[in-house]
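One structure is given here, and the rest of the page talks about it.
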Amino acid sequence: METQERQVIIDQLNASRDRLLGLVEGLTAEQWTFRPAEDRWSINQCLEHVTRVERRVLGNIEKKLKNEAPEPEKRDPKHEKDAVVAQALPDRTIPRSAPEPVQPIGEWPDAGELLAAFGMTRRRTLEFTASTQGDLRSYFIPHGAFGDLDCYQWLIVLSFHGARHAEQIEEIKAASGFPRATASPASA
């Protein structure tokens, strides 16, 4: 990974972390679990999903680098999918369904526990991104919407995935019926 590529991912991971944490700061328990409709996620579920995706993807990247042979013949020297992924992933006008293994299941019902899990997961992703010396462009993992992505492109996915769900949290907070702050915060 080139220095500039590494910095782009680190900056985007930090920006989406800060945005997500800012959006959930001071929420009440009622706000944390409010669902705008039966088929829509709560803020808690959004953050749980982001955490589950990030853990799974980073684990898959680490396994790929450790256990499999690189496939340099599959490299795209122009990295054309980089921009496609960076533009399409945060676009909420394109509906996406989360695969079952990363759907929210109530793993962290307590806001504090979920925030701690998210923080730890994001730190791990940032540390990996800052320190890896692996040739991420020569290892590939399929994505349901984008086809084969190299492992650097998977870091692009992670860096914009949080932004996608930050926008979803903003939509939840703007929804009719979203509880107004009257109780003590759930994320103290």
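Naming scheme: A, B, ... for chains in displayed order of the structure tokens; residues 1 onward per chain; ligands 1 onward as shown.
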Mind checking which residues fall within 9 Å of stretch 75-91 of chain A, counting only C-alpha atoms, ignoring those fewer than 6 positions away in the same chain, and posting them as an MDAnalysis selection string?
chainID A and resid 137:140 146 149:150 152:154 156:157 159:165 167
Could you tell me, as a CSV table (one decimal) with N, CA, C and O atoms, in the first residue's frame, which residues of stretch 102-185 of chain A DSSP assigns to alpha helix (DSSP H) when given the backbone?
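Result file is result-v8.csv:
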chain,number,residue,atom,x,y,z
A,111,ALA,N,-25.7,0.5,25.4
A,111,ALA,CA,-25.1,1.5,24.6
A,111,ALA,C,-23.6,1.6,24.9
A,111,ALA,O,-22.8,1.7,24.0
A,112,GLY,N,-23.2,1.6,26.2
A,112,GLY,CA,-21.8,1.7,26.5
A,112,GLY,C,-21.0,0.6,26.0
A,112,GLY,O,-19.9,0.8,25.5
A,113,GLU,N,-21.5,-0.6,26.1
A,113,GLU,CA,-20.8,-1.8,25.6
A,113,GLU,C,-20.6,-1.7,24.1
A,113,GLU,O,-19.6,-2.1,23.6
A,114,LEU,N,-21.7,-1.3,23.4
A,114,LEU,CA,-21.6,-1.2,22.0
A,114,LEU,C,-20.6,-0.2,21.6
A,114,LEU,O,-19.8,-0.4,20.6
A,115,LEU,N,-20.6,1.0,22.2
A,115,LEU,CA,-19.7,2.0,21.9
A,115,LEU,C,-18.2,1.6,22.2
A,115,LEU,O,-17.3,1.9,21.4
A,116,ALA,N,-18.0,0.8,23.2
A,116,ALA,CA,-16.7,0.3,23.5
A,116,ALA,C,-16.3,-0.7,22.4
A,116,ALA,O,-15.1,-0.7,22.0
A,117,ALA,N,-17.2,-1.6,22.0
A,117,ALA,CA,-16.9,-2.6,21.0
A,117,ALA,C,-16.6,-1.9,19.7
A,117,ALA,O,-15.6,-2.3,18.9
A,118,PHE,N,-17.4,-0.9,19.3
A,118,PHE,CA,-17.1,-0.1,18.1
A,118,PHE,C,-15.7,0.6,18.2
A,118,PHE,O,-14.9,0.5,17.2
A,119,GLY,N,-15.4,1.2,19.3
A,119,GLY,CA,-14.2,1.9,19.5
A,119,GLY,C,-13.0,0.9,19.3
A,119,GLY,O,-12.0,1.2,18.7
A,120,MET,N,-13.1,-0.2,20.0
A,120,MET,CA,-12.0,-1.2,19.9
A,120,MET,C,-11.8,-1.7,18.5
A,120,MET,O,-10.7,-1.9,18.0
A,121,THR,N,-13.0,-2.0,17.8
A,121,THR,CA,-12.9,-2.5,16.4
A,121,THR,C,-12.3,-1.5,15.5
A,121,THR,O,-11.4,-1.8,14.7
A,122,ARG,N,-12.7,-0.2,15.6
A,122,ARG,CA,-12.2,0.8,14.8
A,122,ARG,C,-10.7,1.0,15.1
A,122,ARG,O,-9.9,1.2,14.1
A,123,ARG,N,-10.2,1.0,16.3
A,123,ARG,CA,-8.8,1.1,16.6
A,123,ARG,C,-8.0,0.0,16.0
A,123,ARG,O,-7.0,0.2,15.4
A,124,ARG,N,-8.6,-1.2,16.0
A,124,ARG,CA,-7.9,-2.4,15.4
A,124,ARG,C,-7.8,-2.2,13.9
A,124,ARG,O,-6.7,-2.4,13.3
A,125,THR,N,-8.8,-1.6,13.2
A,125,THR,CA,-8.8,-1.4,11.8
A,125,THR,C,-7.8,-0.3,11.5
A,125,THR,O,-7.0,-0.4,10.5
A,126,LEU,N,-7.7,0.7,12.3
A,126,LEU,CA,-6.8,1.8,12.1
A,126,LEU,C,-5.3,1.3,12.3
A,126,LEU,O,-4.4,1.7,11.5
A,127,GLU,N,-5.1,0.5,13.3
A,127,GLU,CA,-3.8,0.0,13.5
A,127,GLU,C,-3.3,-0.9,12.4
A,127,GLU,O,-2.2,-0.9,11.9
A,128,PHE,N,-4.2,-1.8,11.9
A,128,PHE,CA,-3.9,-2.6,10.8
A,128,PHE,C,-3.6,-1.8,9.5
A,128,PHE,O,-2.6,-2.0,8.9
A,129,THR,N,-4.4,-0.8,9.3
A,129,THR,CA,-4.2,0.1,8.1
A,129,THR,C,-2.8,0.8,8.2
A,129,THR,O,-2.1,0.9,7.2
A,130,ALA,N,-2.5,1.3,9.4
A,130,ALA,CA,-1.3,2.0,9.6
A,130,ALA,C,0.0,1.2,9.5
A,130,ALA,O,1.0,1.6,9.1
A,131,SER,N,-0.2,-0.1,9.8
A,131,SER,CA,1.1,-0.9,10.0
A,131,SER,C,1.2,-2.1,8.9
A,131,SER,O,2.3,-2.6,8.8
A,151,CYS,N,-7.9,-6.4,-1.4
A,151,CYS,CA,-8.0,-6.1,0.0
A,151,CYS,C,-7.9,-4.6,0.3
A,151,CYS,O,-8.4,-4.2,1.3
A,152,TYR,N,-7.2,-3.9,-0.5
A,152,TYR,CA,-7.2,-2.4,-0.3
A,152,TYR,C,-8.6,-1.9,-0.6
A,152,TYR,O,-9.1,-1.0,0.2
A,153,GLN,N,-9.2,-2.4,-1.6
A,153,GLN,CA,-10.6,-1.9,-1.9
A,153,GLN,C,-11.5,-2.3,-0.8
A,153,GLN,O,-12.5,-1.6,-0.5
A,154,TRP,N,-11.3,-3.4,-0.1
A,154,TRP,CA,-12.1,-3.7,1.1
A,154,TRP,C,-11.9,-2.7,2.2
A,154,TRP,O,-12.8,-2.4,3.0
A,155,LEU,N,-10.7,-2.2,2.3
A,155,LEU,CA,-10.5,-1.1,3.3
A,155,LEU,C,-11.2,0.2,2.9
A,155,LEU,O,-11.7,0.9,3.7
A,156,ILE,N,-11.3,0.4,1.6
A,156,ILE,CA,-12.2,1.5,1.1
A,156,ILE,C,-13.6,1.3,1.6
A,156,ILE,O,-14.3,2.2,2.0
A,157,VAL,N,-14.1,0.0,1.4
A,157,VAL,CA,-15.4,-0.3,1.8
A,157,VAL,C,-15.6,0.0,3.3
A,157,VAL,O,-16.6,0.7,3.7
A,158,LEU,N,-14.7,-0.4,4.1
A,158,LEU,CA,-14.8,-0.2,5.6
A,158,LEU,C,-14.8,1.3,5.9
A,158,LEU,O,-15.5,1.8,6.7
A,159,SER,N,-13.9,2.1,5.1
A,159,SER,CA,-13.8,3.5,5.4
A,159,SER,C,-15.1,4.3,5.1
A,159,SER,O,-15.4,5.3,5.7
A,160,PHE,N,-15.8,3.8,4.1
A,160,PHE,CA,-17.1,4.5,3.7
A,160,PHE,C,-18.3,3.9,4.3
A,160,PHE,O,-19.4,4.5,4.2
A,161,HIS,N,-18.2,2.7,4.8
A,161,HIS,CA,-19.4,2.0,5.4
A,161,HIS,C,-19.9,2.8,6.6
A,161,HIS,O,-21.1,2.9,6.7
A,162,GLY,N,-19.0,3.2,7.4
A,162,GLY,CA,-19.5,4.1,8.5
A,162,GLY,C,-20.2,5.3,8.1
A,162,GLY,O,-21.2,5.7,8.7
A,163,ALA,N,-19.7,5.9,7.0
A,163,ALA,CA,-20.4,7.2,6.5
A,163,ALA,C,-21.8,6.8,6.0
A,163,ALA,O,-22.7,7.6,6.2
A,164,ARG,N,-21.9,5.7,5.4
A,164,ARG,CA,-23.3,5.3,4.9
A,164,ARG,C,-24.2,5.2,6.1
A,164,ARG,O,-25.4,5.7,6.0
A,165,HIS,N,-23.8,4.6,7.2
A,165,HIS,CA,-24.7,4.4,8.3
A,165,HIS,C,-24.8,5.6,9.2
A,165,HIS,O,-25.8,5.8,9.9
A,166,ALA,N,-23.8,6.5,9.1
A,166,ALA,CA,-24.0,7.8,9.7
A,166,ALA,C,-25.2,8.6,9.1
A,166,ALA,O,-26.0,9.2,9.8
A,167,GLU,N,-25.2,8.5,7.8
A,167,GLU,CA,-26.3,9.1,7.1
A,167,GLU,C,-27.7,8.4,7.5
A,167,GLU,O,-28.7,9.1,7.6
A,168,GLN,N,-27.6,7.1,7.6
A,168,GLN,CA,-28.9,6.4,8.0
A,168,GLN,C,-29.3,6.9,9.4
A,168,GLN,O,-30.5,7.1,9.7
A,169,ILE,N,-28.3,7.1,10.3
A,169,ILE,CA,-28.6,7.6,11.7
A,169,ILE,C,-29.2,9.0,11.6
A,169,ILE,O,-30.2,9.3,12.3
A,170,GLU,N,-28.7,9.8,10.7
A,170,GLU,CA,-29.3,11.1,10.6
A,170,GLU,C,-30.7,11.0,10.1
A,170,GLU,O,-31.6,11.8,10.5
A,171,GLU,N,-31.0,10.1,9.2
A,171,GLU,CA,-32.4,9.8,8.7
A,171,GLU,C,-33.3,9.4,9.9
A,171,GLU,O,-34.4,9.9,10.0
A,172,ILE,N,-32.8,8.5,10.7
A,172,ILE,CA,-33.6,8.1,11.9
A,172,ILE,C,-33.9,9.2,12.8
A,172,ILE,O,-35.0,9.4,13.3
A,173,LYS,N,-32.9,10.1,13.1
A,173,LYS,CA,-33.1,11.2,14.0
A,173,LYS,C,-34.1,12.2,13.4
A,173,LYS,O,-34.7,13.0,14.2
A,174,ALA,N,-34.2,12.3,12.1
A,174,ALA,CA,-35.1,13.2,11.4
A,174,ALA,C,-36.5,12.6,11.2
A,174,ALA,O,-37.4,13.3,10.8
Taking a cut-off of 9 Å and counting only C-alpha atoms, can you build a table that, for each residue of stretch 82-113 of chain A near stretch 39-46 of chain A, reports the nearest atom pair and how far apart they are in Å (one decimal), sorted by chain then residue number, as CSV?
residue,atom,partner,partner_atom,distance
A:Gln103,CA,A:Gln45,CA,8.2
A:Pro104,CA,A:Gln45,CA,5.4
A:Ile105,CA,A:Gln45,CA,7.9
A:Gly106,CA,A:Gln45,CA,7.4
A:Trp108,CA,A:Asn44,CA,8.6
A:Pro109,CA,A:Asn44,CA,7.8
A:Asp110,CA,A:Asn44,CA,8.9
A:Ala111,CA,A:Asn44,CA,7.3
Among the residues of stretch 93-153 of chain A, find those DSSP assigns to strand (DSSP E) from the backbone and print them as a ChimeraX atom specification.
/A:140-143,147-150
Excluding same-chain residues fewer than 5 positions from stretch 95-99 of chain A, what lies within 9 Å of it counting only C-alpha atoms, as a list in words?
His49, Gly144 and Ala145 of chain A
Give the answer as one residue: which of A:Leu136, A:Ala37, A:Val102, A:Val53 has the shortest atom-to-atom distance to A:Ser176, using only C-alpha atoms?
A:Ala37
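Using only C-alpha atoms, the shortest contact distance between A:Val50 and any of A:Ala15, A:Ala29, A:Leu20, A:Ile9 is found at A:Leu20.
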Env of A:Glu68: 12 Å cut, atoms = only C-alpha atoms, seq-sep filter 3 positions within chain, self excluded. Answer as JSON, numbers by chain.
{"A": [60, 61, 62, 63, 64, 65, 71, 134, 138, 139, 140, 141]}
